[in-house]
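Data block below; observations after.
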Amino acid sequence: MPLETIPDRLKSDHLFLLVGGNPLPNLVSALLLARSTATIWLLHSKGEDKEPSTQKLAENLEDALQKKNGDWTIRLEPVPTVSNLDIENRIAEILKEIDKHPPGRVGFNYTGGTKPMAIHTYRVMSAKWEQKSPPPVFSYLDPQCLALRIDGGRGVEEAEFSVLKMPAIRQAVALNVDELAALHNFTPTNNQEKWATTDDVPELINLCRALLDLHMTPIGVETWRKWMFDEKLRAVPDPAQYPLLSGVRAAMDGLCGGTATPECIAGILLPHKPSLPSCAKWFIGGWLEAYVHASLRQLQNDFPVEVSVGLQYKQPGLGMSLDLDNAMMFGYQLFALSCMVSDGKNRKGTVKEHLLEVYVRARQLGGDEARVALVCYYDNARLLEQELMRSWDAKGKIRVFGKSELPELSRHLADWLRTTNL
């Protein structure tokens with residue numbers, strides 16, 4: 001039977017972490033391997049030899065660690081990135097600081113940083129504690145199977161701890177999307193278009209499903225767009241004029257508890273700005289985001305996941321922004337989902353561009369562990385998915401949920417969650 005937690009003998013009083021371009025593995029490793037009053041040493045690059053500085057990421061990581069445990073002592077130390085002699089001399093200097101502290105277990109997680117930093121730091125630490133006790137604990141966070149691997153050696157047994165399969169460990173490293181974004185210096189924006197979700201109005205799912213069914217056929221899409229653009233959202237759909245919209249109208253009537261009016265529908269969808277023309281974005285594609293959010297929420301009956309919708313972030317002073325239609329966190333693993341409502345033509349190139357955009361954004365936040373999906377009306381979703389996995393070298397990292405999967409999306413999302421890391 002697998003252990004449910006990391007044994008204390010494998011945790012460290014002094015934990016060394018290499019801060020690379022993605023500080024997420026460092027945060028996870030610290031949460032699992034640092035003792036409650038440990039000193040955590042963040043070894044970051046100085047910004048030389050064409051390698052960017054990771055000091056700011058180390059500072060963000062320091063903030064995240066202090067919020068998790070205020071009893072930790074955090075030390076930021078710059079380290080060269082390329083020259084083996086410079087790296088080893090700098091590490092030797094840093095390790096002299098250890099001798100000033102009470103004896104204890106030393107650990108080194110070499111997941112981040114450059115390869116020269118990892119190799120030469122490992123060498124210096126191995127030599128320093130070759131004959132001393134207790135021996136150091138060397139570890140690596142595997143992004144492919146989301147497991148913490150402990151190197152075997154003198155006095156330390158080789159071990160592997162699955163972050164996904166061990167509930168206590170997964171809970172210890174659980175993050176939300178805001179925490180993940182903060183590691184990269186992104187802060188939430190003040191979203192002025194905060195649409196209602198099925199959490200706020202459970203009956204909204206009926207309107208989402210009516211629109212889902214309507215978009216299954218080109219004539220349905222054409223009728224919907226004709227109503228939006230010809231009528232300019234001045235009134236709710238009239239089934240006598242638009243027979244194909246009778247299901248949508250019935251769902252709107254249900255939302256209003258009788259006969260739908262523009263004011264009632266707008267007040268439900270966008271309470272702070274209740275006019276039907278202001279809801280144009282929701283009618284064009286926001287409803288699919290709401291439907292995906294409701295489908296993700298169903299997963300919480302069987303999985304310990306956190307679900308978010310309509311996320312918008314910015315980097316202060318840099319003008320950079322990042323948007324996610326829907327996101328789900330499973331432990332520290334990010335699942336990012338983007339939505340694309342078809343115009344009835346199902347253009348392959350447009351679908352690929354849309355998926356690539358969210359793929360880049362998600363990996364920027366969640367690193368190699370991130371998983372990405374596009375929810376759309378594309379007919380040959382599986383073929384496209386396989387093609388993109390090969391061309392992007394992204395096996396197991398992307399999904400395309402197409403037209404055939406939309407009616408039972410929650411079931412397909414559950415299958416994705418179960419199998420994506422196998």
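All residue names refer to the structure tokens as shown: chains lettered A, B, ... in order, residues numbered from 1 in each chain, ligands numbered from 1 in order.
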Mind the document's chain letters and residue numbers, and return as an NGL selection string the residues of range 271-308 of chain A that DSSP labels helix (DSSP H, G or I). :A and (276-299)
N, CA and C atoms of the current selection, written as a PDB file, in the first residue's frame:
```pdb
ATOM      1  N   LEU A 276     -30.418  44.595 -23.135  1.00  0.00           N
ATOM      2  CA  LEU A 276     -30.185  43.432 -23.989  1.00  0.00           C
ATOM      3  C   LEU A 276     -29.018  43.645 -24.963  1.00  0.00           C
ATOM      4  N   PRO A 277     -28.853  44.800 -25.598  1.00  0.00           N
ATOM      5  CA  PRO A 277     -27.684  44.996 -26.475  1.00  0.00           C
ATOM      6  C   PRO A 277     -26.355  44.836 -25.743  1.00  0.00           C
ATOM      7  N   SER A 278     -26.328  45.132 -24.447  1.00  0.00           N
ATOM      8  CA  SER A 278     -25.093  44.968 -23.675  1.00  0.00           C
ATOM      9  C   SER A 278     -24.726  43.498 -23.509  1.00  0.00           C
ATOM     10  N   CYS A 279     -25.682  42.613 -23.783  1.00  0.00           N
ATOM     11  CA  CYS A 279     -25.453  41.169 -23.621  1.00  0.00           C
ATOM     12  C   CYS A 279     -25.023  40.502 -24.919  1.00  0.00           C
ATOM     13  N   ALA A 280     -24.632  41.309 -25.919  1.00  0.00           N
ATOM     14  CA  ALA A 280     -24.296  40.753 -27.229  1.00  0.00           C
ATOM     15  C   ALA A 280     -23.196  39.703 -27.138  1.00  0.00           C
ATOM     16  N   LYS A 281     -22.150  39.959 -26.340  1.00  0.00           N
ATOM     17  CA  LYS A 281     -21.054  38.993 -26.221  1.00  0.00           C
ATOM     18  C   LYS A 281     -21.545  37.663 -25.669  1.00  0.00           C
ATOM     19  N   TRP A 282     -22.457  37.739 -24.730  1.00  0.00           N
ATOM     20  CA  TRP A 282     -22.969  36.481 -24.146  1.00  0.00           C
ATOM     21  C   TRP A 282     -23.753  35.712 -25.203  1.00  0.00           C
ATOM     22  N   PHE A 283     -24.574  36.406 -25.982  1.00  0.00           N
ATOM     23  CA  PHE A 283     -25.376  35.731 -27.005  1.00  0.00           C
ATOM     24  C   PHE A 283     -24.509  35.171 -28.125  1.00  0.00           C
ATOM     25  N   ILE A 284     -23.367  35.803 -28.408  1.00  0.00           N
ATOM     26  CA  ILE A 284     -22.485  35.315 -29.464  1.00  0.00           C
ATOM     27  C   ILE A 284     -21.702  34.082 -29.014  1.00  0.00           C
ATOM     28  N   GLY A 285     -21.174  34.108 -27.812  1.00  0.00           N
ATOM     29  CA  GLY A 285     -20.359  32.973 -27.378  1.00  0.00           C
ATOM     30  C   GLY A 285     -20.259  32.765 -25.883  1.00  0.00           C
ATOM     31  N   GLY A 286     -20.672  33.785 -25.100  1.00  0.00           N
ATOM     32  CA  GLY A 286     -20.575  33.641 -23.648  1.00  0.00           C
ATOM     33  C   GLY A 286     -21.407  32.512 -23.100  1.00  0.00           C
ATOM     34  N   TRP A 287     -22.489  32.187 -23.781  1.00  0.00           N
ATOM     35  CA  TRP A 287     -23.346  31.088 -23.311  1.00  0.00           C
ATOM     36  C   TRP A 287     -22.604  29.756 -23.317  1.00  0.00           C
ATOM     37  N   LEU A 288     -21.682  29.562 -24.278  1.00  0.00           N
ATOM     38  CA  LEU A 288     -20.927  28.312 -24.308  1.00  0.00           C
ATOM     39  C   LEU A 288     -19.953  28.250 -23.132  1.00  0.00           C
ATOM     40  N   GLU A 289     -19.356  29.379 -22.764  1.00  0.00           N
ATOM     41  CA  GLU A 289     -18.502  29.421 -21.581  1.00  0.00           C
ATOM     42  C   GLU A 289     -19.311  29.039 -20.339  1.00  0.00           C
ATOM     43  N   ALA A 290     -20.534  29.550 -20.248  1.00  0.00           N
ATOM     44  CA  ALA A 290     -21.393  29.219 -19.108  1.00  0.00           C
ATOM     45  C   ALA A 290     -21.742  27.734 -19.095  1.00  0.00           C
ATOM     46  N   TYR A 291     -21.979  27.173 -20.274  1.00  0.00           N
ATOM     47  CA  TYR A 291     -22.293  25.742 -20.370  1.00  0.00           C
ATOM     48  C   TYR A 291     -21.092  24.887 -19.961  1.00  0.00           C
ATOM     49  N   VAL A 292     -19.900  25.274 -20.411  1.00  0.00           N
ATOM     50  CA  VAL A 292     -18.691  24.539 -20.033  1.00  0.00           C
ATOM     51  C   VAL A 292     -18.463  24.636 -18.529  1.00  0.00           C
ATOM     52  N   HIS A 293     -18.679  25.813 -17.978  1.00  0.00           N
ATOM     53  CA  HIS A 293     -18.523  25.987 -16.529  1.00  0.00           C
ATOM     54  C   HIS A 293     -19.467  25.058 -15.767  1.00  0.00           C
ATOM     55  N   ALA A 294     -20.716  24.979 -16.212  1.00  0.00           N
ATOM     56  CA  ALA A 294     -21.681  24.095 -15.550  1.00  0.00           C
ATOM     57  C   ALA A 294     -21.242  22.636 -15.677  1.00  0.00           C
ATOM     58  N   SER A 295     -20.677  22.268 -16.821  1.00  0.00           N
ATOM     59  CA  SER A 295     -20.200  20.898 -17.033  1.00  0.00           C
ATOM     60  C   SER A 295     -19.018  20.586 -16.130  1.00  0.00           C
ATOM     61  N   LEU A 296     -18.124  21.556 -15.959  1.00  0.00           N
ATOM     62  CA  LEU A 296     -16.983  21.364 -15.060  1.00  0.00           C
ATOM     63  C   LEU A 296     -17.448  21.242 -13.610  1.00  0.00           C
ATOM     64  N   ARG A 297     -18.443  22.018 -13.245  1.00  0.00           N
ATOM     65  CA  ARG A 297     -18.946  21.978 -11.876  1.00  0.00           C
ATOM     66  C   ARG A 297     -19.500  20.601 -11.524  1.00  0.00           C
ATOM     67  N   GLN A 298     -20.042  19.909 -12.522  1.00  0.00           N
ATOM     68  CA  GLN A 298     -20.553  18.560 -12.266  1.00  0.00           C
ATOM     69  C   GLN A 298     -19.435  17.611 -11.848  1.00  0.00           C
ATOM     70  N   LEU A 299     -18.216  17.872 -12.296  1.00  0.00           N
ATOM     71  CA  LEU A 299     -17.093  17.004 -11.937  1.00  0.00           C
ATOM     72  C   LEU A 299     -16.802  17.033 -10.444  1.00  0.00           C
TER      73      LEU A 299
END
```
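By chain and then residue number, the residues within 12 Å of Asp302 in chain A are Leu296, Phe330, Ser410, Arg411, Leu413, Ala414, Asp415, Leu417 and Arg418 of chain A, counting only C-alpha atoms and disregarding those fewer than 6 positions away in sequence.
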Selection from above, all heavy atoms, as a short mmCIF file (atom, residue, chain, number, x, y, z; two decimals), in the first residue's frame, can you write it?
```cif
data_model
loop_
_atom_site.label_atom_id
_atom_site.label_comp_id
_atom_site.auth_asym_id
_atom_site.auth_seq_id
_atom_site.Cartn_x
_atom_site.Cartn_y
_atom_site.Cartn_z
N LEU A 296 -18.12 21.56 -15.96
CA LEU A 296 -16.98 21.36 -15.06
C LEU A 296 -17.45 21.24 -13.61
O LEU A 296 -16.90 20.44 -12.84
CB LEU A 296 -16.01 22.54 -15.19
CG LEU A 296 -15.20 22.62 -16.49
CD1 LEU A 296 -14.48 23.96 -16.57
CD2 LEU A 296 -14.20 21.47 -16.58
N PHE A 330 -6.59 20.77 -10.46
CA PHE A 330 -6.61 19.46 -9.81
C PHE A 330 -5.29 19.33 -9.08
O PHE A 330 -4.26 19.04 -9.68
CB PHE A 330 -6.78 18.36 -10.86
CG PHE A 330 -6.94 16.97 -10.29
CD1 PHE A 330 -7.84 16.74 -9.27
CD2 PHE A 330 -6.22 15.91 -10.78
CE1 PHE A 330 -8.01 15.46 -8.74
CE2 PHE A 330 -6.39 14.62 -10.27
CZ PHE A 330 -7.28 14.41 -9.25
N SER A 410 -19.87 16.88 -19.79
CA SER A 410 -19.35 16.57 -18.45
C SER A 410 -18.77 15.16 -18.39
O SER A 410 -17.72 14.94 -17.77
CB SER A 410 -20.45 16.73 -17.40
OG SER A 410 -19.92 16.55 -16.11
N ARG A 411 -19.42 14.23 -19.04
CA ARG A 411 -18.91 12.84 -19.05
C ARG A 411 -17.55 12.77 -19.76
O ARG A 411 -16.63 12.08 -19.30
CB ARG A 411 -19.91 11.92 -19.73
CG ARG A 411 -19.44 10.47 -19.85
CD ARG A 411 -20.56 9.56 -20.32
NE ARG A 411 -21.00 9.89 -21.67
CZ ARG A 411 -20.39 9.44 -22.78
NH1 ARG A 411 -19.31 8.67 -22.68
NH2 ARG A 411 -20.88 9.75 -23.97
N LEU A 413 -15.42 15.26 -20.12
CA LEU A 413 -14.45 15.95 -19.28
C LEU A 413 -13.93 15.04 -18.17
O LEU A 413 -12.74 15.05 -17.84
CB LEU A 413 -15.07 17.20 -18.67
CG LEU A 413 -15.37 18.36 -19.63
CD1 LEU A 413 -16.18 19.45 -18.92
CD2 LEU A 413 -14.09 18.96 -20.19
N ALA A 414 -14.82 14.24 -17.60
CA ALA A 414 -14.42 13.30 -16.55
C ALA A 414 -13.45 12.27 -17.10
O ALA A 414 -12.45 11.93 -16.45
CB ALA A 414 -15.65 12.63 -15.95
N ASP A 415 -13.71 11.76 -18.30
CA ASP A 415 -12.79 10.81 -18.93
C ASP A 415 -11.43 11.44 -19.16
O ASP A 415 -10.38 10.81 -18.96
CB ASP A 415 -13.37 10.31 -20.26
CG ASP A 415 -14.58 9.41 -20.08
OD1 ASP A 415 -14.75 8.88 -18.97
OD2 ASP A 415 -15.35 9.25 -21.04
N LEU A 417 -10.07 13.90 -17.44
CA LEU A 417 -9.41 14.07 -16.16
C LEU A 417 -8.83 12.76 -15.66
O LEU A 417 -7.72 12.72 -15.07
CB LEU A 417 -10.42 14.63 -15.14
CG LEU A 417 -9.89 15.15 -13.81
CD1 LEU A 417 -8.82 16.20 -14.01
CD2 LEU A 417 -11.04 15.70 -12.98
N ARG A 418 -9.52 11.65 -15.90
CA ARG A 418 -9.03 10.35 -15.43
C ARG A 418 -7.83 9.86 -16.21
O ARG A 418 -6.98 9.15 -15.65
CB ARG A 418 -10.16 9.30 -15.55
CG ARG A 418 -11.33 9.48 -14.60
CD ARG A 418 -12.24 8.27 -14.66
NE ARG A 418 -13.48 8.51 -13.94
CZ ARG A 418 -14.62 8.88 -14.52
NH1 ARG A 418 -14.67 9.04 -15.85
NH2 ARG A 418 -15.70 9.09 -13.80
#
```
I'd like to know which residues of range 171-331 of chain A are strand (DSSP E) (by DSSP, run on the backbone); could you write them as a PyMOL selection string? chain A and resi 187-188+305-315+320-330
Contacts of range 124-135 of chain A at 7 Å or less, counting only C-alpha atoms, minus same-chain residues fewer than 3 places along, as an MDAnalysis selection string? chainID A and resid 88 92 105 120:121 154:155
Save the residues we just selected, N, CA and C atoms, as a short mmCIF file (atom, residue, chain, number, x, y, z; two decimals), in the first residue's frame?
```
data_model
loop_
_atom_site.label_atom_id
_atom_site.label_comp_id
_atom_site.auth_asym_id
_atom_site.auth_seq_id
_atom_site.Cartn_x
_atom_site.Cartn_y
_atom_site.Cartn_z
N GLU A 88 30.05 26.31 -9.35
CA GLU A 88 30.51 25.51 -8.20
C GLU A 88 31.10 26.40 -7.11
N ALA A 92 29.50 26.71 -3.38
CA ALA A 92 30.35 26.45 -2.21
C ALA A 92 30.26 27.61 -1.21
N ARG A 105 18.87 18.14 8.30
CA ARG A 105 18.81 17.51 6.98
C ARG A 105 18.83 18.59 5.90
N HIS A 120 26.00 21.08 -11.60
CA HIS A 120 27.13 21.48 -10.77
C HIS A 120 26.72 21.74 -9.32
N THR A 121 25.50 22.17 -9.11
CA THR A 121 25.02 22.27 -7.72
C THR A 121 24.95 20.88 -7.10
N ARG A 154 23.34 7.01 -0.43
CA ARG A 154 23.82 6.69 0.90
C ARG A 154 22.80 7.11 1.96
N GLY A 155 22.20 6.14 2.61
CA GLY A 155 21.28 6.40 3.70
C GLY A 155 19.92 6.92 3.29
#
```
Could you name the residues that touch Val201 in chain A at 12 Å or less, counting only C-alpha atoms, but leaving out those on the same chain fewer than 6 positions away, as an MDAnalysis selection string? chainID A and resid 195 207:208 254:256 265 267:271 290 294
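A straight line drawn from CA of Leu57 in chain A to CA of Ile119 in chain A is 21.3 Å long.
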Met216 in chain A surroundings by only C-alpha atoms, 12 Å radius, close-in-sequence under 2 positions cut, as a ChimeraX atom specification: /A:209-214,218-224,244,341-346,376-379,402-407
Quick one: everything within 8 Å of Arg249 in chain A, counting only C-alpha atoms, minus sequence neighbours fewer than 4 positions away in the same chain. Send it as a PDB file with N, CA, C and O atoms, in the first residue's frame.
```
ATOM      1  N   VAL A 236     -36.845  40.157 -27.385  1.00  0.00           N
ATOM      2  CA  VAL A 236     -36.582  38.722 -27.297  1.00  0.00           C
ATOM      3  C   VAL A 236     -37.109  38.057 -28.565  1.00  0.00           C
ATOM      4  O   VAL A 236     -37.964  38.617 -29.274  1.00  0.00           O
ATOM      5  N   PRO A 237     -36.616  36.860 -28.915  1.00  0.00           N
ATOM      6  CA  PRO A 237     -37.045  36.209 -30.159  1.00  0.00           C
ATOM      7  C   PRO A 237     -38.555  35.946 -30.189  1.00  0.00           C
ATOM      8  O   PRO A 237     -39.139  35.510 -29.187  1.00  0.00           O
ATOM      9  N   ASP A 238     -39.144  36.189 -31.327  1.00  0.00           N
ATOM     10  CA  ASP A 238     -40.565  35.911 -31.552  1.00  0.00           C
ATOM     11  C   ASP A 238     -40.674  34.600 -32.326  1.00  0.00           C
ATOM     12  O   ASP A 238     -40.284  34.537 -33.495  1.00  0.00           O
ATOM     13  N   PRO A 239     -41.189  33.525 -31.706  1.00  0.00           N
ATOM     14  CA  PRO A 239     -41.277  32.232 -32.383  1.00  0.00           C
ATOM     15  C   PRO A 239     -42.108  32.269 -33.666  1.00  0.00           C
ATOM     16  O   PRO A 239     -41.876  31.466 -34.574  1.00  0.00           O
ATOM     17  N   LEU A 245     -36.241  29.295 -33.237  1.00  0.00           N
ATOM     18  CA  LEU A 245     -35.831  29.850 -31.939  1.00  0.00           C
ATOM     19  C   LEU A 245     -36.876  29.625 -30.854  1.00  0.00           C
ATOM     20  O   LEU A 245     -36.784  30.209 -29.775  1.00  0.00           O
ATOM     21  N   ASP A 253     -38.394  32.413 -21.374  1.00  0.00           N
ATOM     22  CA  ASP A 253     -39.624  32.568 -20.586  1.00  0.00           C
ATOM     23  C   ASP A 253     -39.470  31.904 -19.221  1.00  0.00           C
ATOM     24  O   ASP A 253     -39.906  32.442 -18.198  1.00  0.00           O
ATOM     25  N   ALA A 260     -40.888  36.334 -21.172  1.00  0.00           N
ATOM     26  CA  ALA A 260     -39.591  37.004 -21.138  1.00  0.00           C
ATOM     27  C   ALA A 260     -39.685  38.417 -21.690  1.00  0.00           C
ATOM     28  O   ALA A 260     -40.442  38.686 -22.630  1.00  0.00           O
TER      29      ALA A 260
END
```
Option closest in space to Leu146 in chain A, from A:Ser29, A:Ser53, A:Ser308, A:Ser321 [counting only C-alpha atoms]: A:Ser29
Measuring atom to atom with only C-alpha atoms, identify which of A:Arg363, A:His354, A:Lys397, A:Arg9 is nearest to Glu157 in chain A. A:Arg9
With only C-alpha atoms as the counted atoms, please give the residues lying no more than 12 Å from Glu97 in chain A, apart from itself and same-chain residues fewer than 6 positions off, as a PDB file with N, CA and C atoms, in the first residue's frame.
```
ATOM      1  N   HIS A  14      17.030  22.468   5.571  1.00  0.00           N
ATOM      2  CA  HIS A  14      17.549  23.407   4.581  1.00  0.00           C
ATOM      3  C   HIS A  14      17.231  22.837   3.212  1.00  0.00           C
ATOM      4  N   THR A  39      14.645  26.502   6.471  1.00  0.00           N
ATOM      5  CA  THR A  39      15.155  27.595   5.647  1.00  0.00           C
ATOM      6  C   THR A  39      15.126  27.121   4.197  1.00  0.00           C
ATOM      7  N   TRP A  41      16.176  27.921   0.394  1.00  0.00           N
ATOM      8  CA  TRP A  41      17.155  28.685  -0.374  1.00  0.00           C
ATOM      9  C   TRP A  41      16.724  28.685  -1.835  1.00  0.00           C
ATOM     10  N   ARG A  75      15.588  32.482   1.695  1.00  0.00           N
ATOM     11  CA  ARG A  75      16.816  33.159   1.277  1.00  0.00           C
ATOM     12  C   ARG A  75      16.900  33.142  -0.250  1.00  0.00           C
ATOM     13  N   GLU A  77      19.304  33.706  -3.436  1.00  0.00           N
ATOM     14  CA  GLU A  77      20.727  33.732  -3.735  1.00  0.00           C
ATOM     15  C   GLU A  77      20.946  33.676  -5.243  1.00  0.00           C
ATOM     16  N   ARG A  90      30.277  29.508  -6.489  1.00  0.00           N
ATOM     17  CA  ARG A  90      29.168  30.240  -5.858  1.00  0.00           C
ATOM     18  C   ARG A  90      28.378  29.335  -4.925  1.00  0.00           C
ATOM     19  N   ILE A  91      28.120  28.102  -5.344  1.00  0.00           N
ATOM     20  CA  ILE A  91      27.387  27.163  -4.487  1.00  0.00           C
ATOM     21  C   ILE A  91      28.191  26.864  -3.229  1.00  0.00           C
ATOM     22  N   PRO A 103      22.801  21.808  12.979  1.00  0.00           N
ATOM     23  CA  PRO A 103      22.805  20.707  12.021  1.00  0.00           C
ATOM     24  C   PRO A 103      21.389  20.223  11.721  1.00  0.00           C
TER      25      PRO A 103
END
```
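In terms of minimum interatomic distance to Val375 in chain A, A:Phe401 ranks closest within A:Ala394, A:Pro7, A:Leu388, A:Phe401, counting only C-alpha atoms.
Take CA of Glu385 in chain A and CA of Ile398 in chain A: the distance between them is 7.2 Å.
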Per-residue nearest contacts range 58-88 of chain A to range 178-185 of chain A, cut-off 12 Å, using only C-alpha atoms, as a tab-separated table:
```
residue	atom	partner	partner_atom	distance
A:Ala58	CA	A:Leu183	CA	8.6
A:Glu59	CA	A:Leu183	CA	8.7
A:Asn60	CA	A:Leu183	CA	5.2
A:Leu61	CA	A:Leu183	CA	5.9
A:Glu62	CA	A:Leu183	CA	9.2
A:Asp63	CA	A:Leu183	CA	8.5
A:Ala64	CA	A:Leu183	CA	7.2
A:Leu65	CA	A:Leu183	CA	10.3
A:Lys67	CA	A:Glu179	CA	10.2
A:Lys68	CA	A:Glu179	CA	10.7
```
